[in-house]
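Participant: Here you go, this is coords03.cif (mmCIF, C-alpha atoms).
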data_structure
loop_
_atom_site.group_PDB
_atom_site.id
_atom_site.type_symbol
_atom_site.label_atom_id
_atom_site.label_comp_id
_atom_site.auth_asym_id
_atom_site.auth_seq_id
_atom_site.Cartn_x
_atom_site.Cartn_y
_atom_site.Cartn_z
ATOM 1 C CA MET N 1 16.957 -62.016 -238.208
ATOM 2 C CA PRO N 2 19.072 -58.887 -238.708
ATOM 3 C CA GLU N 3 19.684 -57.328 -242.098
ATOM 4 C CA LEU N 4 22.107 -54.666 -243.293
ATOM 5 C CA ARG N 5 21.495 -52.416 -246.262
ATOM 6 C CA VAL N 6 24.554 -51.957 -248.454
ATOM 7 C CA PRO N 7 24.804 -50.283 -251.872
ATOM 8 C CA GLY N 8 22.680 -52.339 -254.257
ATOM 9 C CA ALA N 9 21.728 -55.101 -251.817
ATOM 10 C CA THR N 10 20.444 -56.040 -248.388
ATOM 11 C CA LEU N 11 22.573 -58.542 -246.501
ATOM 12 C CA TYR N 12 20.960 -61.176 -244.316
ATOM 13 C CA TYR N 13 23.069 -62.356 -241.404
ATOM 14 C CA GLU N 14 22.773 -64.384 -238.222
ATOM 15 C CA LYS N 15 24.398 -63.675 -234.895
ATOM 16 C CA ARG N 16 24.896 -65.950 -231.910
ATOM 17 C CA GLY N 17 27.088 -66.237 -228.832
ATOM 18 C CA THR N 18 29.197 -63.783 -226.851
ATOM 19 C CA GLY N 19 32.763 -62.544 -227.030
ATOM 20 C CA PRO N 20 34.848 -61.141 -229.877
ATOM 21 C CA VAL N 21 33.213 -61.200 -233.297
ATOM 22 C CA LEU N 22 33.983 -64.073 -235.642
ATOM 23 C CA LEU N 23 32.615 -63.292 -239.109
ATOM 24 C CA MET N 24 32.086 -66.418 -241.229
ATOM 25 C CA ILE N 25 31.814 -66.080 -245.024
ATOM 26 C CA PRO N 26 30.590 -69.083 -247.056
ATOM 27 C CA GLY N 27 31.655 -70.120 -250.531
ATOM 28 C CA GLY N 28 29.983 -71.684 -253.549
ATOM 29 C CA GLY N 29 26.229 -71.959 -253.232
ATOM 30 C CA GLY N 30 26.410 -71.802 -249.448
ATOM 31 C CA ASP N 31 24.891 -69.291 -247.089
ATOM 32 C CA ALA N 32 24.856 -68.553 -243.361
ATOM 33 C CA ALA N 33 23.479 -72.024 -242.639
ATOM 34 C CA SER N 34 26.783 -73.525 -243.836
ATOM 35 C CA PHE N 35 28.119 -72.596 -240.391
ATOM 36 C CA ASP N 36 25.231 -73.827 -238.234
ATOM 37 C CA LEU N 37 27.153 -76.685 -236.629
ATOM 38 C CA VAL N 38 30.602 -75.114 -236.475
ATOM 39 C CA GLY N 39 29.176 -71.795 -235.293
ATOM 40 C CA ALA N 40 27.152 -73.453 -232.532
ATOM 41 C CA ASP N 41 30.324 -75.070 -231.247
ATOM 42 C CA LEU N 42 32.205 -71.750 -231.145
ATOM 43 C CA ALA N 43 29.423 -69.556 -229.737
ATOM 44 C CA ASP N 44 30.570 -70.094 -226.149
ATOM 45 C CA ARG N 45 33.700 -68.045 -226.873
ATOM 46 C CA PHE N 46 32.820 -65.857 -229.880
ATOM 47 C CA THR N 47 30.003 -63.749 -231.227
ATOM 48 C CA VAL N 48 29.585 -65.787 -234.394
ATOM 49 C CA VAL N 49 28.230 -63.757 -237.328
ATOM 50 C CA ALA N 50 27.331 -65.822 -240.406
ATOM 51 C CA VAL N 51 26.227 -64.069 -243.581
ATOM 52 C CA ASP N 52 24.405 -64.751 -246.840
ATOM 53 C CA PRO N 53 26.645 -62.907 -249.362
ATOM 54 C CA ARG N 54 24.897 -60.682 -251.889
ATOM 55 C CA GLY N 55 23.212 -62.649 -254.644
ATOM 56 C CA LYS N 56 22.706 -65.706 -252.413
ATOM 57 C CA SER N 57 19.676 -67.010 -250.515
ATOM 58 C CA ARG N 58 18.146 -64.293 -248.348
ATOM 59 C CA SER N 59 20.514 -61.628 -249.753
ATOM 60 C CA ALA N 60 19.585 -62.395 -253.369
ATOM 61 C CA ALA N 61 17.157 -59.550 -254.102
ATOM 62 C CA GLY N 62 18.392 -57.340 -256.922
ATOM 63 C CA GLU N 63 21.644 -59.282 -257.465
ATOM 64 C CA ARG N 64 20.639 -62.492 -259.202
ATOM 65 C CA GLY N 65 21.911 -62.482 -262.774
ATOM 66 C CA ARG N 66 24.631 -59.887 -262.167
ATOM 67 C CA ASP N 67 28.342 -60.629 -262.457
ATOM 68 C CA GLN N 68 29.957 -60.452 -259.042
ATOM 69 C CA ARG N 69 33.129 -58.582 -258.085
ATOM 70 C CA VAL N 70 35.368 -59.534 -255.197
ATOM 71 C CA GLU N 71 35.930 -55.916 -254.178
ATOM 72 C CA VAL N 72 32.185 -55.276 -253.878
ATOM 73 C CA HIS N 73 31.811 -58.264 -251.579
ATOM 74 C CA GLY N 74 34.833 -57.072 -249.597
ATOM 75 C CA ASP N 75 33.170 -53.696 -249.154
ATOM 76 C CA ASP N 76 30.007 -55.490 -247.998
ATOM 77 C CA MET N 77 31.934 -57.353 -245.307
ATOM 78 C CA HIS N 78 33.693 -54.160 -244.226
ATOM 79 C CA ARG N 79 30.306 -52.509 -243.714
ATOM 80 C CA LEU N 80 29.009 -55.551 -241.866
ATOM 81 C CA LEU N 81 31.979 -55.487 -239.495
ATOM 82 C CA ALA N 82 31.310 -51.814 -238.813
ATOM 83 C CA GLU N 83 27.778 -52.841 -237.834
ATOM 84 C CA VAL N 84 28.557 -55.858 -235.640
ATOM 85 C CA SER N 85 31.972 -54.898 -234.234
ATOM 86 C CA PRO N 86 32.226 -51.105 -234.469
ATOM 87 C CA THR N 87 34.978 -50.601 -231.892
ATOM 88 C CA GLU N 88 37.024 -53.813 -231.951
ATOM 89 C CA PRO N 89 38.851 -55.657 -234.738
ATOM 90 C CA ALA N 90 37.251 -59.001 -235.593
ATOM 91 C CA PHE N 91 38.197 -62.519 -236.551
ATOM 92 C CA VAL N 92 37.181 -63.680 -240.032
ATOM 93 C CA PHE N 93 36.874 -67.185 -241.435
ATOM 94 C CA GLY N 94 36.202 -67.637 -245.140
ATOM 95 C CA SER N 95 35.917 -70.831 -247.144
ATOM 96 C CA SER N 96 36.420 -71.190 -250.908
ATOM 97 C CA SER N 97 35.091 -68.040 -252.615
ATOM 98 C CA GLY N 98 34.360 -66.731 -249.113
ATOM 99 C CA ALA N 99 38.098 -66.991 -248.431
ATOM 100 C CA VAL N 100 38.766 -64.852 -251.510
ATOM 101 C CA ILE N 101 36.515 -62.178 -249.991
ATOM 102 C CA ALA N 102 38.272 -62.499 -246.635
ATOM 103 C CA LEU N 103 41.676 -61.968 -248.257
ATOM 104 C CA ASP N 104 40.432 -58.871 -250.074
ATOM 105 C CA LEU N 105 39.142 -57.575 -246.746
ATOM 106 C CA LEU N 106 42.564 -58.108 -245.150
ATOM 107 C CA ALA N 107 44.419 -56.478 -248.047
ATOM 108 C CA ARG N 108 42.284 -53.319 -247.990
ATOM 109 C CA HIS N 109 41.023 -53.033 -244.414
ATOM 110 C CA PRO N 110 43.598 -54.696 -242.142
ATOM 111 C CA GLU N 111 42.838 -52.373 -239.235
ATOM 112 C CA ARG N 112 39.415 -54.030 -238.857
ATOM 113 C CA LEU N 113 40.845 -57.523 -238.398
ATOM 114 C CA ARG N 114 42.596 -59.532 -235.712
ATOM 115 C CA LEU N 115 42.995 -62.648 -237.839
ATOM 116 C CA VAL N 116 41.817 -64.053 -241.173
ATOM 117 C CA VAL N 117 41.623 -67.808 -241.707
ATOM 118 C CA ALA N 118 41.400 -68.409 -245.467
ATOM 119 C CA HIS N 119 40.344 -71.989 -246.188
ATOM 120 C CA GLU N 120 41.123 -73.096 -249.753
ATOM 121 C CA PRO N 121 40.620 -69.834 -251.693
ATOM 122 C CA PRO N 122 40.492 -70.782 -255.410
ATOM 123 C CA LEU N 123 42.962 -68.096 -256.488
ATOM 124 C CA LEU N 124 44.099 -69.632 -259.751
ATOM 125 C CA GLY N 125 46.336 -66.675 -260.590
ATOM 126 C CA LEU N 126 48.778 -67.793 -257.889
ATOM 127 C CA LEU N 127 49.465 -71.034 -259.758
ATOM 128 C CA PRO N 128 52.115 -71.448 -262.473
ATOM 129 C CA ASP N 129 49.572 -73.259 -264.682
ATOM 130 C CA ALA N 130 46.822 -70.685 -264.076
ATOM 131 C CA ASP N 131 45.705 -70.440 -267.721
ATOM 132 C CA ARG N 132 44.898 -74.136 -267.825
ATOM 133 C CA TRP N 133 42.652 -73.923 -264.794
ATOM 134 C CA ARG N 134 40.974 -70.688 -265.834
ATOM 135 C CA ALA N 135 39.974 -72.435 -269.051
ATOM 136 C CA ALA N 136 38.706 -75.420 -267.077
ATOM 137 C CA PHE N 137 36.580 -73.209 -264.830
ATOM 138 C CA ALA N 138 35.201 -71.336 -267.847
ATOM 139 C CA GLY N 139 34.222 -74.760 -269.160
ATOM 140 C CA VAL N 140 32.213 -75.392 -265.994
ATOM 141 C CA ALA N 141 29.996 -72.375 -266.701
ATOM 142 C CA GLU N 142 29.677 -73.451 -270.337
ATOM 143 C CA ALA N 143 28.645 -76.961 -269.262
ATOM 144 C CA PHE N 144 25.981 -75.483 -267.008
ATOM 145 C CA GLY N 145 24.535 -73.345 -269.774
ATOM 146 C CA ARG N 146 24.585 -76.218 -272.245
ATOM 147 C CA ASP N 147 23.694 -79.296 -270.172
ATOM 148 C CA GLY N 148 22.562 -78.144 -266.736
ATOM 149 C CA LEU N 149 23.687 -78.401 -263.130
ATOM 150 C CA GLY N 150 24.711 -82.057 -263.130
ATOM 151 C CA ALA N 151 27.088 -81.584 -266.048
ATOM 152 C CA ALA N 152 28.557 -78.448 -264.498
ATOM 153 C CA MET N 153 29.231 -80.147 -261.170
ATOM 154 C CA ALA N 154 30.838 -83.090 -262.970
ATOM 155 C CA ALA N 155 33.111 -80.684 -264.854
ATOM 156 C CA LEU N 156 33.989 -78.868 -261.644
ATOM 157 C CA GLY N 157 34.730 -82.145 -259.879
ATOM 158 C CA ALA N 158 36.959 -83.259 -262.752
ATOM 159 C CA ALA N 159 38.934 -80.025 -262.552
ATOM 160 C CA ALA N 160 39.240 -80.050 -258.762
ATOM 161 C CA GLY N 161 40.311 -83.692 -258.539
ATOM 162 C CA GLN N 162 39.219 -86.528 -256.278
ATOM 163 C CA GLU N 163 39.544 -85.819 -252.565
ATOM 164 C CA GLY N 164 40.670 -88.521 -250.186
ATOM 165 C CA THR N 165 38.362 -90.136 -247.656
ATOM 166 C CA ASP N 166 40.858 -90.715 -244.859
ATOM 167 C CA GLU N 167 38.459 -89.606 -242.118
ATOM 168 C CA PRO N 168 34.921 -90.733 -241.261
ATOM 169 C CA ASP N 169 32.110 -88.206 -241.067
ATOM 170 C CA ASP N 170 31.303 -86.669 -237.717
ATOM 171 C CA GLU N 171 27.930 -87.324 -236.195
ATOM 172 C CA ARG N 172 25.577 -84.368 -236.448
ATOM 173 C CA ASP N 173 24.542 -84.792 -232.795
ATOM 174 C CA GLY N 174 20.971 -83.727 -233.552
ATOM 175 C CA ASP N 175 21.929 -80.090 -234.020
ATOM 176 C CA ALA N 176 20.129 -79.776 -237.353
ATOM 177 C CA SER N 177 16.698 -81.196 -238.141
ATOM 178 C CA ALA N 178 15.856 -82.944 -241.396
ATOM 179 C CA SER N 179 13.507 -80.101 -242.355
ATOM 180 C CA ALA N 180 16.211 -77.492 -241.701
ATOM 181 C CA ASP N 181 18.647 -79.478 -243.835
ATOM 182 C CA ALA N 182 16.105 -79.757 -246.632
ATOM 183 C CA GLU N 183 15.537 -76.008 -246.627
ATOM 184 C CA ARG N 184 19.265 -75.318 -246.592
ATOM 185 C CA PHE N 185 19.898 -77.595 -249.565
ATOM 186 C CA ARG N 186 16.962 -76.095 -251.454
ATOM 187 C CA ARG N 187 18.539 -72.658 -251.087
ATOM 188 C CA MET N 188 21.968 -73.968 -252.076
ATOM 189 C CA ARG N 189 20.549 -75.506 -255.246
ATOM 190 C CA GLU N 190 18.836 -72.225 -256.123
ATOM 191 C CA ASN N 191 22.146 -70.410 -255.550
ATOM 192 C CA MET N 192 24.165 -72.614 -257.879
ATOM 193 C CA PRO N 193 23.295 -70.890 -261.193
ATOM 194 C CA GLN N 194 24.420 -67.565 -259.711
ATOM 195 C CA PHE N 195 27.635 -69.140 -258.449
ATOM 196 C CA LEU N 196 28.472 -71.051 -261.612
ATOM 197 C CA GLU N 197 27.642 -68.305 -264.113
ATOM 198 C CA ARG N 198 28.328 -65.092 -262.190
ATOM 199 C CA GLU N 199 30.928 -65.874 -259.543
ATOM 200 C CA LEU N 200 33.105 -68.931 -260.215
ATOM 201 C CA SER N 201 35.258 -67.512 -263.015
ATOM 202 C CA GLN N 202 35.131 -63.975 -261.599
ATOM 203 C CA PHE N 203 36.364 -65.006 -258.148
ATOM 204 C CA SER N 204 38.828 -67.690 -259.216
ATOM 205 C CA GLY N 205 40.281 -65.184 -261.702
ATOM 206 C CA HIS N 206 40.826 -62.586 -258.986
ATOM 207 C CA LEU N 207 44.458 -61.849 -258.136
ATOM 208 C CA PRO N 208 44.916 -60.586 -254.584
ATOM 209 C CA ASP N 209 47.313 -57.828 -253.608
ATOM 210 C CA VAL N 210 50.021 -60.149 -252.307
ATOM 211 C CA ASP N 211 52.232 -57.231 -251.226
ATOM 212 C CA ALA N 212 49.410 -55.870 -249.061
ATOM 213 C CA LEU N 213 48.832 -59.325 -247.603
ATOM 214 C CA ALA N 214 52.549 -59.692 -246.916
ATOM 215 C CA ALA N 215 52.502 -56.440 -244.961
ATOM 216 C CA HIS N 216 49.906 -58.007 -242.649
ATOM 217 C CA SER N 217 50.932 -61.657 -242.829
ATOM 218 C CA GLY N 218 50.837 -61.925 -239.030
ATOM 219 C CA ARG N 219 47.054 -61.641 -239.290
ATOM 220 C CA LEU N 220 46.676 -64.345 -241.930
ATOM 221 C CA VAL N 221 46.335 -68.126 -241.692
ATOM 222 C CA PRO N 222 46.144 -69.876 -245.082
ATOM 223 C CA ALA N 223 44.430 -73.237 -244.660
ATOM 224 C CA CYS N 224 43.467 -76.349 -246.584
ATOM 225 C CA GLY N 225 41.727 -79.656 -246.020
ATOM 226 C CA ARG N 226 43.758 -82.688 -245.065
ATOM 227 C CA ALA N 227 41.882 -84.774 -247.625
ATOM 228 C CA SER N 228 42.557 -82.325 -250.465
ATOM 229 C CA ARG N 229 46.315 -81.941 -250.015
ATOM 230 C CA GLY N 230 47.982 -81.459 -253.394
ATOM 231 C CA LEU N 231 44.714 -81.026 -255.276
ATOM 232 C CA LEU N 232 43.751 -77.953 -257.252
ATOM 233 C CA LEU N 233 41.611 -76.136 -254.688
ATOM 234 C CA ALA N 234 44.204 -76.585 -251.936
ATOM 235 C CA ARG N 235 47.180 -75.424 -254.015
ATOM 236 C CA PRO N 236 46.630 -71.627 -253.879
ATOM 237 C CA ALA N 237 46.584 -71.642 -250.070
ATOM 238 C CA ALA N 238 49.842 -73.610 -250.062
ATOM 239 C CA VAL N 239 51.429 -71.155 -252.507
ATOM 240 C CA LEU N 240 50.256 -68.208 -250.423
ATOM 241 C CA ALA N 241 51.633 -69.738 -247.227
ATOM 242 C CA GLU N 242 55.001 -70.356 -248.867
ATOM 243 C CA ARG N 243 55.243 -66.867 -250.379
ATOM 244 C CA LEU N 244 54.275 -65.155 -247.128
ATOM 245 C CA GLY N 245 56.115 -67.527 -244.798
ATOM 246 C CA THR N 246 53.044 -68.078 -242.652
ATOM 247 C CA GLY N 247 52.756 -71.835 -242.611
ATOM 248 C CA LEU N 248 49.694 -73.777 -243.729
ATOM 249 C CA VAL N 249 47.058 -75.006 -241.275
ATOM 250 C CA GLU N 250 45.292 -78.250 -242.161
ATOM 251 C CA PHE N 251 41.636 -78.810 -241.305
ATOM 252 C CA PRO N 252 39.780 -82.131 -241.265
ATOM 253 C CA GLY N 253 38.111 -83.251 -244.468
ATOM 254 C CA GLY N 254 38.489 -81.672 -247.860
ATOM 255 C CA HIS N 255 37.160 -78.581 -249.578
ATOM 256 C CA VAL N 256 33.807 -78.835 -247.773
ATOM 257 C CA GLY N 257 35.233 -80.122 -244.510
ATOM 258 C CA LEU N 258 33.187 -77.726 -242.401
ATOM 259 C CA SER N 259 30.089 -79.629 -243.577
ATOM 260 C CA THR N 260 31.472 -83.184 -243.638
ATOM 261 C CA HIS N 261 33.567 -82.975 -240.449
ATOM 262 C CA PRO N 262 32.018 -80.127 -238.420
ATOM 263 C CA VAL N 263 32.993 -81.295 -234.936
ATOM 264 C CA ARG N 264 36.693 -81.699 -235.665
ATOM 265 C CA PHE N 265 36.670 -78.698 -237.997
ATOM 266 C CA ALA N 266 35.412 -76.514 -235.149
ATOM 267 C CA LYS N 267 38.125 -77.843 -232.846
ATOM 268 C CA VAL N 268 40.897 -76.867 -235.274
ATOM 269 C CA LEU N 269 39.356 -73.443 -235.846
ATOM 270 C CA ARG N 270 38.980 -72.881 -232.101
ATOM 271 C CA ARG N 271 42.622 -73.820 -231.545
ATOM 272 C CA THR N 272 43.782 -71.535 -234.363
ATOM 273 C CA LEU N 273 41.847 -68.532 -233.018
ATOM 274 C CA ALA N 274 42.829 -69.263 -229.422
ATOM 275 C CA GLY N 275 46.489 -69.015 -230.327
ATOM 276 C CA VAL N 276 45.991 -65.421 -231.415
ATOM 277 C CA MET N 277 43.904 -64.573 -228.362
ATOM 278 C CA ALA N 278 46.558 -66.028 -226.062
ATOM 279 C CA GLY N 279 49.160 -63.877 -227.790
ATOM 280 C CA ASP N 280 46.966 -60.805 -227.275
ATOM 281 C CA ALA N 281 46.823 -61.517 -223.553
ATOM 282 C CA VAL N 282 50.592 -61.623 -223.155
#
As structure tokens - that is how I would like this structure written.

Facilitator:
Amino acid sequence: MPELRVPGATLYYEKRGTGPVLLMIPGGGGDAASFDLVGADLADRFTVVAVDPRGKSRSAAGERGRDQRVEVHGDDMHRLLAEVSPTEPAFVFGSSSGAVIALDLLARHPERLRLVVAHEPPLLGLLPDADRWRAAFAGVAEAFGRDGLGAAMAALGAAAGQEGTDEPDDERDGDASASADAERFRRMRENMPQFLERELSQFSGHLPDVDALAAHSGRLVPACGRASRGLLLARPAAVLAERLGTGLVEFPGGHVGLSTHPVRFAKVLRRTLAGVMAGDAV
């Protein structure tokens, strides 16, 4: 699989399909495999590029144990776009902390992008009660250091709230084998200490350049999960949509809808991207 050397790290990424580039940036402990099912569905129309961000999975060398900065990850994605789409602006989808990176990319390098879909970026600074939630997220890292992963995930779940279950799971249609799933979840578990201790507070505490985003709001789609409407992790996207006047696109499922509802998630993403492409053709 291809790799790209960037300052201080080597990024692992996967590439499939044909057409305009769609860069997909995972959040949390996820990596490129987070997009296996959704990416396979979209590869008939897009060159889908899925990446392991620095410090995660196959891009972990040299970065584990270091505090992460949004701007560094944004620079990484800018370099990756120069590699995979050197002459044409690209589409970008980011979820959770990956959406924070995507927004930074749009704010600082808008000329490289046709559209950014930012699914539930945990930008606590956009909320009126930001201090409360920053303290809660700091408590997640403390719980991990004191009592381990289970306690940290319980604290994070308590802060984020209980998502609804208004939709059944999609069938996986045999696209991912049990062994592939086991390997993916092994990597995700190994990524969680890095995420909880070195990324969660740093990324959720990031405040984007809203004025820069407003200047390019036509290239931005804030999004949330239908099952997480009104909950903490969906609120920043709603605030951003209201402030920028862009509207808010709802995807199936909740914060991890691309994993729990991949078939319908891909359909909504395809429709969202197709609207921009149709406008380009006019």

Participant: Would you mind telling me which residue in N:Pro53, N:Pro121, N:Pro110, N:Pro193 lies nearest to N:Ala143 when using all atoms listed in the file?

Facilitator: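 Ranked by minimum distance to N:Ala143, first place goes to N:Pro193.
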
Participant: Go ahead and find all residues with at least one atom no further than 12 Å from (36.6, -83.7, -263.9) in the file's coordinates, using only C-alpha atoms; report them as a short mmCIF file (atom, residue, chain, number, x, y, z; two decimals) with C-alpha atoms, keeping the file's coordinate frame.

Facilitator:
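result.cif, written as the output of this step:
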data_model
loop_
_atom_site.label_atom_id
_atom_site.label_comp_id
_atom_site.auth_asym_id
_atom_site.auth_seq_id
_atom_site.Cartn_x
_atom_site.Cartn_y
_atom_site.Cartn_z
CA TRP N 133 42.65 -73.92 -264.79
CA ALA N 136 38.71 -75.42 -267.08
CA PHE N 137 36.58 -73.21 -264.83
CA GLY N 139 34.22 -74.76 -269.16
CA VAL N 140 32.21 -75.39 -265.99
CA ALA N 143 28.64 -76.96 -269.26
CA ALA N 151 27.09 -81.58 -266.05
CA ALA N 152 28.56 -78.45 -264.50
CA MET N 153 29.23 -80.15 -261.17
CA ALA N 154 30.84 -83.09 -262.97
CA ALA N 155 33.11 -80.68 -264.85
CA LEU N 156 33.99 -78.87 -261.64
CA GLY N 157 34.73 -82.14 -259.88
CA ALA N 158 36.96 -83.26 -262.75
CA ALA N 159 38.93 -80.03 -262.55
CA ALA N 160 39.24 -80.05 -258.76
CA GLY N 161 40.31 -83.69 -258.54
CA GLN N 162 39.22 -86.53 -256.28
CA GLU N 163 39.54 -85.82 -252.56
CA LEU N 232 43.75 -77.95 -257.25
#

Participant: Got a sec: who's within 8 Å of stretch 78-94 of chain N, counting all atoms listed in the file, leaving out chain neighbours fewer than 4 positions off, as a list in words?

Facilitator: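 Once the adjacent positions are removed, what remains is Leu4, Val6, Pro20, Val21, Leu22, Leu23, Met24, Ile25, Pro26, Gly27, Gly74, Gly98, Ala99, Val100, Ile101, Ala102, Leu105, His109, Glu111, Arg112, Leu113, Arg114, Leu115, Val116, Val117, Ala118, His119 and Leu273 of chain N.
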
Participant: Quick check, in Å to one decimal: how far apart do atom CA of N:Asp44 and atom CA of N:Glu14 lie?

Facilitator: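 It comes out at 15.5 Å.
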
Participant: From the set N:Asp41, N:Glu197, N:Asp31, N:Glu3, which residue has the shortest atom-to-atom contact distance to N:Arg264, counting all atoms listed in the file?

Facilitator: N:Asp41

Participant: Name the residues in contact with N:Lys56 at a cut-off of 12 Å, using all atoms listed in the file, excluding same-chain residues fewer than 6 positions from it; report them as a PyMOL selection string.

Facilitator: chain N and resi 9-13+25-33+62-66+68+73+184+186-195+198-199

Participant: Counting all atoms listed in the file, which of N:Leu258, N:Ala60, N:Ala130, N:Leu244 gets nearest to N:Ser217?

Facilitator: N:Leu244

Participant: Specify as number ranges by chain each residue included when the PyMOL selection byres ((chain N and resi 211) around 12) is applied to this file.

Facilitator: N: 103-104, 106-108, 207-210, 212-217, 240, 243-244

Participant: May I have the selected residues written with C-alpha atoms, as a short mmCIF file (atom, residue, chain, number, x, y, z; two decimals), keeping the file's coordinate frame?

Facilitator:
data_model
loop_
_atom_site.label_atom_id
_atom_site.label_comp_id
_atom_site.auth_asym_id
_atom_site.auth_seq_id
_atom_site.Cartn_x
_atom_site.Cartn_y
_atom_site.Cartn_z
CA LEU N 103 41.68 -61.97 -248.26
CA ASP N 104 40.43 -58.87 -250.07
CA LEU N 106 42.56 -58.11 -245.15
CA ALA N 107 44.42 -56.48 -248.05
CA ARG N 108 42.28 -53.32 -247.99
CA LEU N 207 44.46 -61.85 -258.14
CA PRO N 208 44.92 -60.59 -254.58
CA ASP N 209 47.31 -57.83 -253.61
CA VAL N 210 50.02 -60.15 -252.31
CA ALA N 212 49.41 -55.87 -249.06
CA LEU N 213 48.83 -59.32 -247.60
CA ALA N 214 52.55 -59.69 -246.92
CA ALA N 215 52.50 -56.44 -244.96
CA HIS N 216 49.91 -58.01 -242.65
CA SER N 217 50.93 -61.66 -242.83
CA LEU N 240 50.26 -68.21 -250.42
CA ARG N 243 55.24 -66.87 -250.38
CA LEU N 244 54.28 -65.16 -247.13
#

Participant: Given 8 Å on each side, where is the centre and what are the edge lengths in Å to one decimal of the axis-aligned box enclosing the listed atoms of stretch 85-100 of chain N, as lines of an AutoDock Vina configuration file?

Facilitator:
center_x = 35.4
center_y = -60.9
center_z = -242.3
size_x = 22.9
size_y = 36.6
size_z = 36.7

Participant: Please indicate the distance in Å from atom CA of N:Glu120 to atom CA of N:His255, rounded to one decimal place.

Facilitator: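 Atom-to-atom, atom CA of N:Glu120 and atom CA of N:His255 are spaced 6.8 Å apart.
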
Participant: Go through N:Phe265, N:Lys15, N:Gly8, N:Val276 and flag the residue nearest N:Val72, using only C-alpha atoms for the distances.

Facilitator: N:Gly8

Participant: Work out how far atom CA of N:Val48 is from atom CA of N:Arg16, in Å to one decimal.

Facilitator: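 Atom-to-atom, atom CA of N:Arg16 and atom CA of N:Val48 are spaced 5.3 Å apart.
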
Participant: Write out as a ChimeraX atom specification the residues lying within 10 Å of N:Thr272, counting all atoms listed in the file and excluding same-chain residues fewer than 3 positions away.

Facilitator: /N:115,117,221,249,266-269,275-277

Participant: Step by step, work through what the PyMOL selection byres ((chain N and resi 254) around 6) selects in the shown file, and finish by giving those residues as a list in words.

Facilitator: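 Residues picked by the PyMOL selection byres ((chain N and resi 254) around 6): Gly225, Ala227, Ser228, Gly253, His255, Val256 and Gly257 of chain N.
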
Participant: Point out the residue among N:Ala43, N:Met77, N:Leu149, N:Leu124 with the least atom-to-atom distance to N:Ser204, counting all atoms listed in the file.

Facilitator: N:Leu124
